[in-house]
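Pasted below: final17.txt, compact mmCIF, C-alpha atoms.
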# COMPACT_ATOMS: atom_id res chain seq x y z
CA MET A 1 43.04 6.01 -3.88
CA GLU A 2 45.88 8.43 -4.47
CA LYS A 3 48.90 7.09 -6.20
CA SER A 4 51.04 5.42 -3.52
CA SER A 5 54.67 4.49 -3.44
CA ILE A 6 55.52 0.81 -3.74
CA ILE A 7 57.99 -0.28 -1.08
CA THR A 8 59.89 -3.41 -0.15
CA LEU A 9 60.62 -3.94 3.51
CA CYS A 10 63.71 -5.76 4.65
CA TYR A 11 64.28 -7.34 8.00
CA ARG A 12 67.80 -8.24 9.05
CA LYS A 13 67.37 -10.99 11.59
CA ILE A 14 70.51 -11.40 13.65
CA ILE A 15 71.09 -14.80 15.21
CA THR A 16 73.66 -15.38 17.92
CA ILE A 17 74.13 -17.95 20.67
CA ASN A 18 71.77 -15.86 22.80
CA ASN A 19 68.73 -16.45 20.58
CA GLU A 20 66.42 -18.78 22.45
CA LYS A 21 63.67 -19.69 19.99
CA PRO A 22 63.91 -23.25 18.59
CA TRP A 23 64.00 -22.04 14.97
CA ASP A 24 66.78 -19.58 15.72
CA GLN A 25 68.80 -22.23 17.55
CA LEU A 26 68.50 -24.69 14.67
CA VAL A 27 69.72 -22.03 12.24
CA PHE A 28 72.52 -21.08 14.61
CA LYS A 29 73.85 -24.59 15.20
CA ASP A 30 73.41 -25.91 11.68
CA SER A 31 74.94 -22.84 10.03
CA TYR A 32 77.95 -23.19 12.34
CA ALA A 33 78.39 -26.88 11.53
CA GLU A 34 78.06 -26.20 7.78
CA LEU A 35 80.47 -23.26 7.90
CA LYS A 36 83.05 -25.41 9.71
CA MET A 37 82.81 -28.04 6.99
CA GLN A 38 82.87 -25.65 4.05
CA ALA A 39 85.56 -23.36 5.47
CA GLN A 40 88.10 -26.20 5.30
CA TYR A 41 88.13 -25.81 1.52
CA TYR A 42 89.59 -22.30 1.95
CA ASN A 43 91.63 -23.15 5.04
CA ALA A 44 93.37 -26.34 3.93
CA LYS A 45 96.46 -25.65 6.03
CA ASN A 46 94.31 -24.74 9.03
CA GLU A 47 96.05 -21.36 9.24
CA PHE A 48 93.01 -19.28 10.06
CA ARG A 49 90.85 -19.38 13.11
CA THR A 50 88.13 -16.88 12.33
CA PHE A 51 85.81 -16.10 9.46
CA SER A 52 87.16 -12.57 9.20
CA GLN A 53 90.74 -13.86 8.81
CA LEU A 54 89.57 -16.14 6.02
CA LEU A 55 87.85 -13.25 4.25
CA GLN A 56 91.02 -11.20 4.45
CA HIS A 57 93.51 -13.83 3.39
CA ALA A 58 91.83 -16.68 1.51
CA PRO A 59 90.83 -16.06 -2.12
CA ASN A 60 87.09 -16.45 -2.76
CA ALA A 61 86.26 -17.04 0.92
CA GLN A 62 83.27 -14.72 0.48
CA GLN A 63 81.66 -17.71 -1.29
CA LEU A 64 81.13 -19.11 2.21
CA HIS A 65 78.05 -16.91 2.70
CA PHE A 66 76.37 -18.69 -0.18
CA LEU A 67 77.79 -22.13 0.55
CA THR A 68 76.74 -22.02 4.20
CA SER A 69 73.24 -20.82 3.31
CA ALA A 70 72.36 -24.38 2.24
CA ALA A 71 72.14 -25.23 5.95
CA VAL A 72 69.55 -22.48 6.40
CA THR A 73 67.29 -22.81 3.34
CA PRO A 74 65.42 -25.88 4.71
CA TYR A 75 64.43 -23.77 7.72
CA LEU A 76 63.33 -20.89 5.51
CA SER A 77 60.92 -23.28 3.79
CA GLN A 78 59.46 -24.13 7.20
CA LEU A 79 58.41 -20.48 7.70
CA ASN A 80 55.76 -20.77 4.96
CA ALA A 81 56.96 -17.50 3.42
CA THR A 82 56.03 -15.54 6.57
CA MET A 83 58.64 -13.21 8.01
CA PRO A 84 59.38 -14.09 11.64
CA ASP A 85 59.32 -11.68 14.60
CA ILE A 86 57.76 -8.69 12.81
CA SER A 87 54.16 -8.21 13.88
CA ASN A 88 51.51 -5.66 13.01
CA ASN A 89 49.80 -3.59 15.69
CA LEU A 90 47.38 -6.45 16.35
CA GLY A 91 50.32 -8.64 17.32
CA ARG A 92 50.14 -10.86 14.24
CA LEU A 93 52.94 -11.81 11.90
CA PHE A 94 51.86 -10.33 8.59
CA LEU A 95 54.79 -9.80 6.24
CA LYS A 96 55.30 -12.28 3.42
CA PHE A 97 58.85 -12.63 2.16
CA LYS A 98 59.79 -13.27 -1.42
CA SER A 99 63.53 -13.53 -1.20
CA PHE A 100 66.35 -13.65 1.29
CA ARG A 101 70.07 -13.21 1.66
CA PHE A 102 72.09 -15.09 4.22
CA GLU A 103 75.25 -13.62 5.70
CA ILE A 104 77.84 -14.78 8.18
CA ILE A 105 78.65 -11.86 10.45
CA ASN A 106 81.41 -13.41 12.52
CA SER A 107 82.60 -16.85 13.44
CA ASP A 108 85.41 -18.71 15.12
CA PHE A 109 86.05 -22.26 13.98
CA ASN A 110 86.98 -23.28 17.52
CA ASP A 111 84.37 -21.35 19.48
CA ILE A 112 80.68 -21.54 18.61
CA GLU A 113 79.92 -18.71 21.03
CA LYS A 114 81.55 -16.27 18.61
CA HIS A 115 79.35 -17.41 15.72
CA SER A 116 76.74 -14.93 14.52
CA VAL A 117 74.76 -14.81 11.31
CA ALA A 118 72.04 -12.73 9.75
CA ILE A 119 69.16 -13.58 7.48
CA ASN A 120 67.93 -10.67 5.41
CA PHE A 121 64.26 -11.13 4.55
CA PHE A 122 62.86 -9.07 1.68
CA SER A 123 59.09 -8.57 1.72
CA GLU A 124 56.69 -8.77 -1.16
CA GLU A 125 55.85 -5.37 -2.65
CA LEU A 126 53.57 -3.15 -0.59
CA TYR A 127 51.75 0.10 -1.25
CA LEU A 128 52.77 2.67 1.33
CA LEU A 129 49.38 4.31 1.90
CA ASN A 130 50.00 6.61 4.83
CA GLN A 131 52.09 7.37 7.87
CA ILE A 132 50.07 7.78 11.08
CA GLY A 133 52.30 8.97 13.89
CA SER A 134 55.14 6.49 13.93
CA TYR A 135 53.05 3.84 12.20
CA LEU A 136 52.99 2.88 8.55
CA LEU A 137 49.76 1.94 6.80
CA THR A 138 50.30 -0.48 3.91
CA THR A 139 48.46 -2.90 1.70
CA THR A 140 49.87 -5.57 -0.58
CA VAL A 141 50.07 -4.62 -4.24
CA ASN A 142 47.72 -7.45 -5.21
CA SER A 143 45.07 -6.63 -2.56
CA GLU A 144 41.59 -6.70 -3.99
CA THR A 145 38.76 -4.45 -2.90
CA ASP A 146 35.59 -6.02 -1.51
CA GLU A 147 32.06 -5.24 -2.69
CA ASN A 148 32.10 -2.00 -0.68
CA GLY A 149 35.33 -0.85 -2.27
CA ALA A 150 37.41 -1.48 0.87
CA MET A 151 40.75 -3.23 0.90
CA PRO A 152 42.64 -4.90 3.77
CA THR A 153 45.46 -2.89 5.31
CA GLU A 154 48.24 -3.39 7.82
CA LEU A 155 49.31 -0.90 10.47
CA PHE A 156 52.67 -1.37 12.14
CA ASN A 157 55.61 0.31 13.79
CA ILE A 158 59.13 0.03 12.41
CA PRO A 159 61.25 -1.82 14.99
CA PRO A 160 65.06 -1.94 14.90
CA PHE A 161 66.47 -4.08 12.06
CA LEU A 162 63.39 -3.50 9.88
CA SER A 163 63.81 -1.01 7.09
CA ILE A 164 62.37 0.13 3.79
CA CYS A 165 65.00 -1.15 1.39
CA ASN A 166 63.58 0.13 -1.87
CA ILE A 167 60.81 2.32 -3.20
CA LYS A 168 59.08 2.90 -6.53
CA LEU A 169 57.60 6.38 -6.72
CA MET B 170 71.38 25.83 2.65
CA GLU B 171 73.83 28.05 4.46
CA ARG B 172 76.28 26.38 6.74
CA LYS B 173 74.79 28.05 9.83
CA ASN B 174 71.29 26.87 9.01
CA PHE B 175 72.58 23.44 8.22
CA LEU B 176 74.28 23.18 11.60
CA ARG B 177 71.13 24.41 13.27
CA SER B 178 69.05 21.77 11.55
CA LEU B 179 71.45 19.13 12.82
CA LEU B 180 71.05 20.50 16.33
CA ILE B 181 67.27 20.36 16.12
CA GLY B 182 67.51 16.78 14.97
CA ALA B 183 69.73 15.93 17.91
CA VAL B 184 67.33 17.48 20.38
CA SER B 185 64.15 16.06 18.93
CA THR B 186 65.35 12.47 18.72
CA PRO B 187 65.35 11.80 22.49
CA VAL B 188 61.86 13.28 22.70
CA ILE B 189 60.57 10.66 20.30
CA MET B 190 62.31 7.94 22.25
CA ASP B 191 60.87 9.19 25.52
CA ALA B 192 57.39 9.25 24.08
CA CYS B 193 57.82 5.68 23.06
CA LYS B 194 59.20 4.60 26.38
CA LYS B 195 56.20 6.08 28.11
CA SER B 196 53.77 3.99 26.11
CA SER B 197 55.73 0.84 26.83
CA ASP B 198 55.52 1.61 30.53
CA THR B 199 51.77 1.92 30.46
CA ALA B 200 50.83 -0.71 27.92
CA ALA B 201 51.47 -4.24 29.03
CA THR B 202 51.32 -5.64 25.52
CA THR B 203 54.26 -3.77 24.05
CA THR B 204 57.86 -4.79 24.08
CA THR B 205 61.12 -3.96 22.43
CA ALA B 206 61.57 -5.61 19.10
CA THR B 207 62.76 -9.17 19.03
CA GLY B 208 66.34 -9.46 17.92
CA GLY B 209 66.87 -5.74 18.08
CA SER B 210 69.04 -3.83 20.47
CA SER B 211 67.03 -1.95 23.05
CA THR B 212 66.81 1.49 21.54
CA GLY B 213 63.50 2.38 23.11
CA ASN B 214 61.52 1.68 19.96
CA CYS B 215 58.46 -0.23 21.07
CA VAL B 216 56.24 -2.51 19.04
CA VAL B 217 53.49 -4.96 19.81
CA ALA B 218 54.89 -8.37 20.64
CA PRO B 219 53.77 -11.24 18.41
CA THR B 220 50.60 -12.57 20.02
CA GLU B 221 49.58 -15.67 18.14
CA THR B 222 48.97 -19.35 18.52
CA GLU B 223 52.34 -21.07 18.77
CA GLY B 224 53.78 -22.76 15.75
CA PRO B 225 54.56 -23.89 13.17
CA PHE B 226 57.20 -25.80 15.09
CA PRO B 227 60.54 -26.13 13.37
CA THR B 228 61.96 -29.56 12.75
CA LYS B 229 65.63 -30.38 12.38
CA ALA B 230 66.49 -30.57 8.70
CA PRO B 231 69.72 -31.43 6.87
CA ALA B 232 71.41 -28.93 4.58
CA SER B 233 69.75 -28.69 1.18
CA TYR B 234 72.83 -30.40 -0.29
CA VAL B 235 71.70 -33.73 1.11
CA ARG B 236 69.90 -35.46 -1.75
CA SER B 237 70.85 -37.93 -4.40
CA ASP B 238 69.31 -36.06 -7.37
CA ILE B 239 71.06 -32.71 -7.62
CA THR B 240 69.66 -31.73 -11.04
CA ASP B 241 67.21 -29.09 -9.74
CA GLY B 242 65.63 -28.72 -13.15
CA ARG B 243 68.88 -27.97 -14.99
CA SER B 244 68.66 -29.37 -18.50
CA GLY B 245 71.33 -31.60 -19.93
CA TYR B 246 72.19 -35.23 -20.63
CA LYS B 247 71.56 -37.42 -17.62
CA LEU B 248 74.63 -38.48 -15.68
CA THR B 249 74.68 -41.02 -12.85
CA ALA B 250 77.84 -40.53 -10.80
CA LYS B 251 78.97 -43.50 -8.72
CA ILE B 252 81.89 -42.57 -6.52
CA THR B 253 83.58 -45.10 -4.27
CA ILE B 254 85.68 -43.88 -1.37
CA GLY B 255 88.53 -46.06 -0.13
CA ASN B 256 90.81 -45.63 2.86
CA SER B 257 94.43 -45.21 1.76
CA ASN B 258 95.49 -45.99 5.33
CA ASN B 259 93.78 -49.38 5.08
CA ASN B 260 94.77 -50.90 1.72
CA CYS B 261 92.18 -48.67 0.03
CA ASN B 262 89.38 -50.78 1.47
CA ALA B 263 85.91 -49.26 1.35
CA LEU B 264 85.38 -46.35 3.72
CA ALA B 265 81.84 -46.37 5.11
CA GLY B 266 80.20 -43.34 6.70
CA ALA B 267 82.30 -40.75 4.86
CA ILE B 268 80.54 -37.59 3.74
CA VAL B 269 80.99 -36.78 0.05
CA ASP B 270 80.20 -33.36 -1.43
CA ILE B 271 80.21 -32.88 -5.18
CA TRP B 272 79.56 -29.80 -7.28
CA HIS B 273 79.88 -28.92 -10.93
CA CYS B 274 78.74 -26.41 -13.53
CA ASP B 275 75.59 -26.60 -15.66
CA ALA B 276 75.39 -27.11 -19.44
CA GLU B 277 76.31 -23.46 -20.04
CA GLY B 278 79.32 -23.64 -17.70
CA ASN B 279 77.78 -21.76 -14.75
CA TYR B 280 77.86 -22.75 -11.09
CA SER B 281 74.99 -22.04 -8.75
CA GLU B 282 75.46 -18.56 -7.42
CA TYR B 283 78.54 -17.73 -5.42
CA GLY B 284 79.01 -14.71 -3.25
CA GLY B 285 75.54 -14.21 -1.83
CA THR B 286 75.56 -10.51 -2.58
CA GLY B 287 72.34 -10.41 -4.53
CA MET B 288 68.86 -11.33 -3.39
CA GLN B 289 68.19 -14.99 -3.85
CA SER B 290 65.04 -16.49 -5.25
CA THR B 291 62.17 -17.91 -3.21
CA ASN B 292 62.74 -21.31 -4.70
CA TYR B 293 65.03 -22.33 -1.84
CA GLN B 294 65.32 -25.88 -3.12
CA SER B 295 67.03 -24.90 -6.35
CA VAL B 296 69.37 -22.16 -5.14
CA HIS B 297 72.15 -24.72 -4.73
CA PHE B 298 71.66 -26.53 -8.02
CA LEU B 299 74.22 -29.15 -9.07
CA ARG B 300 75.64 -29.38 -5.56
CA GLY B 301 75.05 -32.50 -3.50
CA ARG B 302 76.04 -34.46 -0.42
CA GLN B 303 75.78 -38.14 0.33
CA THR B 304 77.23 -40.48 2.96
CA THR B 305 79.08 -43.60 1.80
CA ASP B 306 77.46 -46.99 2.39
CA ALA B 307 79.21 -50.15 3.61
CA ASN B 308 80.86 -50.46 0.18
CA GLY B 309 82.17 -46.90 0.30
CA LEU B 310 79.73 -45.94 -2.46
CA VAL B 311 77.74 -42.77 -3.04
CA THR B 312 75.46 -42.22 -6.05
CA PHE B 313 74.31 -38.92 -7.50
CA THR B 314 71.89 -38.24 -10.32
CA THR B 315 72.82 -35.13 -12.24
CA ILE B 316 73.52 -33.82 -15.73
CA PHE B 317 76.69 -34.11 -17.74
CA PRO B 318 78.67 -30.95 -16.92
CA GLY B 319 79.24 -28.26 -19.51
CA TRP B 320 82.53 -26.41 -19.72
CA TYR B 321 83.88 -22.92 -19.28
CA SER B 322 86.94 -21.09 -20.51
CA GLY B 323 90.27 -22.34 -19.17
CA ARG B 324 89.11 -25.66 -17.73
CA ALA B 325 88.50 -29.19 -18.93
CA THR B 326 85.20 -30.85 -17.97
CA HIS B 327 85.35 -31.70 -14.28
CA ILE B 328 83.43 -32.43 -11.08
CA HIS B 329 84.63 -31.10 -7.72
CA VAL B 330 84.73 -33.55 -4.81
CA HIS B 331 85.26 -32.87 -1.11
CA VAL B 332 85.42 -35.90 1.18
CA TYR B 333 84.93 -35.56 4.94
CA ASN B 334 84.88 -38.07 7.75
CA ALA B 335 81.61 -38.61 9.60
CA ALA B 336 82.45 -35.76 11.98
CA GLY B 337 82.84 -33.31 9.09
CA THR B 338 86.62 -33.08 9.13
CA SER B 339 88.09 -32.66 5.67
CA LEU B 340 89.93 -35.72 4.32
CA LYS B 341 90.45 -34.76 0.68
CA ILE B 342 89.60 -32.05 -1.82
CA THR B 343 89.94 -33.21 -5.41
CA GLN B 344 88.41 -33.08 -8.89
CA ILE B 345 87.24 -35.76 -11.28
CA ALA B 346 88.45 -35.50 -14.88
CA PHE B 347 86.68 -36.95 -17.94
CA PRO B 348 88.11 -39.20 -20.66
CA GLU B 349 88.55 -37.57 -24.07
CA GLY B 350 88.88 -38.62 -27.69
CA SER B 351 86.58 -39.94 -30.38
CA GLY B 352 83.51 -41.69 -29.00
CA SER B 353 84.08 -40.35 -25.48
CA ALA B 354 81.19 -38.77 -23.61
CA VAL B 355 82.95 -35.40 -23.79
CA ALA B 356 83.06 -35.73 -27.58
CA LEU B 357 79.45 -36.95 -27.83
CA VAL B 358 78.04 -34.15 -25.67
CA ASN B 359 80.18 -31.80 -27.74
CA GLY B 360 79.98 -28.94 -25.27
CA TYR B 361 76.18 -28.70 -25.60
CA SER B 362 75.24 -25.53 -27.51
CA LYS B 363 78.74 -24.06 -27.08
CA GLY B 364 80.54 -26.60 -29.20
CA MET B 365 84.19 -27.35 -28.47
CA SER B 366 85.89 -24.31 -29.94
CA GLY B 367 88.28 -22.99 -27.31
CA TYR B 368 87.87 -26.07 -25.08
CA THR B 369 90.72 -26.84 -22.68
CA TYR B 370 91.69 -30.52 -22.87
CA ASN B 371 93.09 -32.43 -19.89
CA LYS B 372 96.71 -32.16 -21.06
CA SER B 373 96.42 -28.34 -21.03
CA ASP B 374 94.29 -28.09 -17.89
CA ASN B 375 96.27 -26.61 -15.02
CA ILE B 376 94.71 -29.04 -12.53
CA PHE B 377 94.82 -32.25 -14.58
CA SER B 378 97.94 -31.72 -16.73
CA ASP B 379 100.23 -33.31 -14.11
CA ASP B 380 98.04 -36.43 -13.97
CA SER B 381 100.21 -38.43 -16.40
CA THR B 382 98.84 -41.79 -15.20
CA GLY B 383 95.21 -40.76 -15.54
CA ILE B 384 94.40 -41.49 -11.90
CA GLU B 385 92.01 -38.54 -11.80
CA ILE B 386 90.09 -39.62 -14.92
CA ALA B 387 86.78 -41.39 -14.35
CA THR B 388 85.34 -44.30 -16.32
CA ILE B 389 82.31 -43.23 -18.30
CA THR B 390 79.82 -45.43 -20.15
CA GLY B 391 76.48 -44.81 -21.83
CA SER B 392 75.08 -42.70 -24.61
CA LEU B 393 73.30 -39.41 -25.26
CA SER B 394 69.90 -41.13 -25.40
CA ALA B 395 70.31 -43.49 -22.41
CA GLY B 396 72.38 -41.13 -20.31
CA PHE B 397 75.88 -41.66 -18.99
CA GLU B 398 77.28 -43.43 -15.95
CA LEU B 399 80.44 -42.23 -14.26
CA LYS B 400 82.50 -44.48 -12.01
CA MET B 401 85.33 -43.22 -9.91
CA GLN B 402 87.42 -44.59 -7.06
CA ILE B 403 88.93 -42.01 -4.73
CA SER B 404 91.22 -42.98 -1.88
CA VAL B 405 91.56 -40.77 1.14
CA PRO B 406 93.61 -41.06 4.34
CA ALA B 407 91.11 -41.86 7.09
As structure tokens - that is how I would like this structure written.
Amino acid sequence: MEKSSIITLCYRKIITINNEKPWDQLVFKDSYAELKMQAQYYNAKNEFRTFSQLLQHAPNAQQLHFLTSAAVTPYLSQLNATMPDISNNLGRLFLKFKSFRFEIINSDFNDIEKHSVAINFFSEELYLLNQIGSYLLTTTVNSETDENGAMPTELFNIPPFLSICNIKL
Amino acid sequence: MERKNFLRSLLIGAVSTPVIMDACKKSSDTAATTTTATGGSSTGNCVVAPTETEGPFPTKAPASYVRSDITDGRSGYKLTAKITIGNSNNNCNALAGAIVDIWHCDAEGNYSEYGGTGMQSTNYQSVHFLRGRQTTDANGLVTFTTIFPGWYSGRATHIHVHVYNAAGTSLKITQIAFPEGSGSAVALVNGYSKGMSGYTYNKSDNIFSDDSTGIEIATITGSLSAGFELKMQISVPA
């Protein structure tokens, strides 16, 4: 095999009130409830109505991304380290994630409909073997070859909100 | 690259992009198994929809704060914190059903990560170390198992407390201070590996220095070998 680049894929999963899947709804509702609780620490006088106002005016309000993520981590565990939504060309979920970053995009403490969050999933390291048309051919860095010298690969298209977030040449 | 060529290359890019999108649209018209990506805006990029047996099915789960033992593998002398919440609008009688959050730093004086700018580890259970949430029982009591906090520059040893009513509305944000002096737990722990050089005592602490009656100072018993027990009564208007 020629020397391949090692890449990490990241998927920014946006969750709003319009997401219908049960997992998405649990993350949506519980992150909103947790944010409302935690935000009171930075909004003791109840001066601010939105997350963006808090970020602008309340010192350290950016800590709310991290503090609110505790409502989401139990649901991440339930994914068994498999990235949701992103399937290979056989229609199977195939990406394993190693780490994540939770972010609050927008929110209104009086209107759940304005709440939106994102979970950034970072994949395990993959060898980028080839590009075939608009498809990427990859294999995991710890893939082992079988007795015939073949190794398992994945072929997939890059949908919106999936990106290559770093590369080792 | 000359400016003219550069502009031309931009133009080519602008023309070729819709061609790619059209090509993709065509395949999604003919192939029944493709769809636009889940969660993405419809930009014409088509991928195979997930086609798998349903599940695993998510189950409702409380925030990872909700546990009595908040140690998460942090090393330090064991501390059992027993905090009783009273209602200052009702003769400070026990307040049942109140939600109590506590958080404090580890032996080195660090809090679990703030900010959320970096990637976080896969060990989701320990990301929020030394942060916990319990609901008061009929006696107004919550109990946490943790480690004796370390210290950091500018502050006396302390534990943060945020008390909410059952609906999650904030009732009080406060901090618990620790007794000092010879034989006290603060003196026995001796700042772990840091020692006490440069330590800020309660009288110089900008949060606790106005607490002349010691109302914010907990009662602490125990020893290094057996662990310590903290008792604190906090009254909130409920």
So which residues touch Thr220 (chain B) within 9 Å, counting only C-alpha atoms, skipping near sequence neighbours fewer than 5 positions away, as a ChimeraX atom specification?
-> /A:87,90-93 /B:202
Looking at all atoms listed in the file, which of B:Gly301, B:Gly383, B:Gly360, B:Gly337 is the one that sits closest to Ala39 (chain A)?
->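 When distances to Ala39 (chain A) are compared using all atoms listed in the file, the smallest one comes from B:Gly337.
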List the neighbours of Lys45 (chain A) out to 12 Å using all atoms listed in the file; skip same-chain residues closer than 6 positions along the sequence, and give me the result as an MDAnalysis selection string.
-> (chainID A and resid 39 54 58) or (chainID B and resid 339)
Filtering to C-alpha atoms, could you give me those residues as a PDB file, keeping the file's coordinate frame?
ATOM      1  CA  ALA A  39      85.560 -23.360   5.470  1.00  0.00           C
ATOM      2  CA  LEU A  54      89.570 -16.140   6.020  1.00  0.00           C
ATOM      3  CA  ALA A  58      91.830 -16.680   1.510  1.00  0.00           C
TER       4      ALA A  58
ATOM      5  CA  SER B 339      88.090 -32.660   5.670  1.00  0.00           C
TER       6      SER B 339
END
Neighbour list for Glu113 (chain A) as a count of residues only, cut-off 9 Å, only C-alpha atoms, skip fewer than 3 positions in-chain | 6
Atom-to-atom span, CA of Cys165 (chain A) and CA of Leu126 (chain A), Å | 11.8 Å
Surrounding residues of Ser322 (chain B) excluding itself and chain neighbours under 2 positions, 7 Å, all atoms listed in the file, as a PDB file with C-alpha atoms, in the frame of the given file:
ATOM      1  CA  TRP B 320      82.530 -26.410 -19.720  1.00  0.00           C
ATOM      2  CA  ARG B 324      89.110 -25.660 -17.730  1.00  0.00           C
ATOM      3  CA  TYR B 368      87.870 -26.070 -25.080  1.00  0.00           C
TER       4      TYR B 368
END
Got a sec to pull out which chain A residues are within 8 Å of chain B, counting all atoms listed in the file, and send them as a VMD selection string?
-> chain A and resid 13 to 15 19 22 to 23 26 30 34 36 to 37 40 to 41 62 to 67 70 to 79 85 to 93 98 to 103 156 to 161
Between B:Trp272, B:Phe397, B:Tyr370, B:Phe298, which has the minimum distance to Ile328 (chain B) (counting only C-alpha atoms)?
->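 With only C-alpha atoms as the atom set, the closest residue is B:Trp272.
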Distance CA of Ile104 (chain A)-CA of Gly266 (chain B), one decimal place?
-> 28.7 Å
Between CA of Ser123 (chain A) and CA of Ala150 (chain A), measure the distance and give it in Å to one decimal.
->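 Computing the Euclidean distance for CA of Ser123 (chain A) and CA of Ala150 (chain A) yields 22.8 Å.
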Leaving out region 238-251 of chain B and any residue of its chain fewer than 4 positions from it, which residues lie within 6 Å of it when counting all atoms listed in the file, given as a ChimeraX atom specification?
-> /B:295,298-299,301,311-317,396-400
Using only C-alpha atoms, which of B:Asn262, B:Ser366, B:Asn359, B:Ser394 sits nearest Ala407 (chain B)?
->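 Of the candidates, the smallest distance to Ala407 (chain B) is held by B:Asn262.
Nearest to Ser257 (chain B) of all the residues B:Ser392, B:Asn279, B:Ser404, B:Thr326 is B:Ser404, based on all atoms listed in the file.
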Pick the closest to Ala325 (chain B) from B:Thr253, B:Gln402, B:Thr369, B:Ser237: which is it, counting all atoms listed in the file?
-> B:Thr369
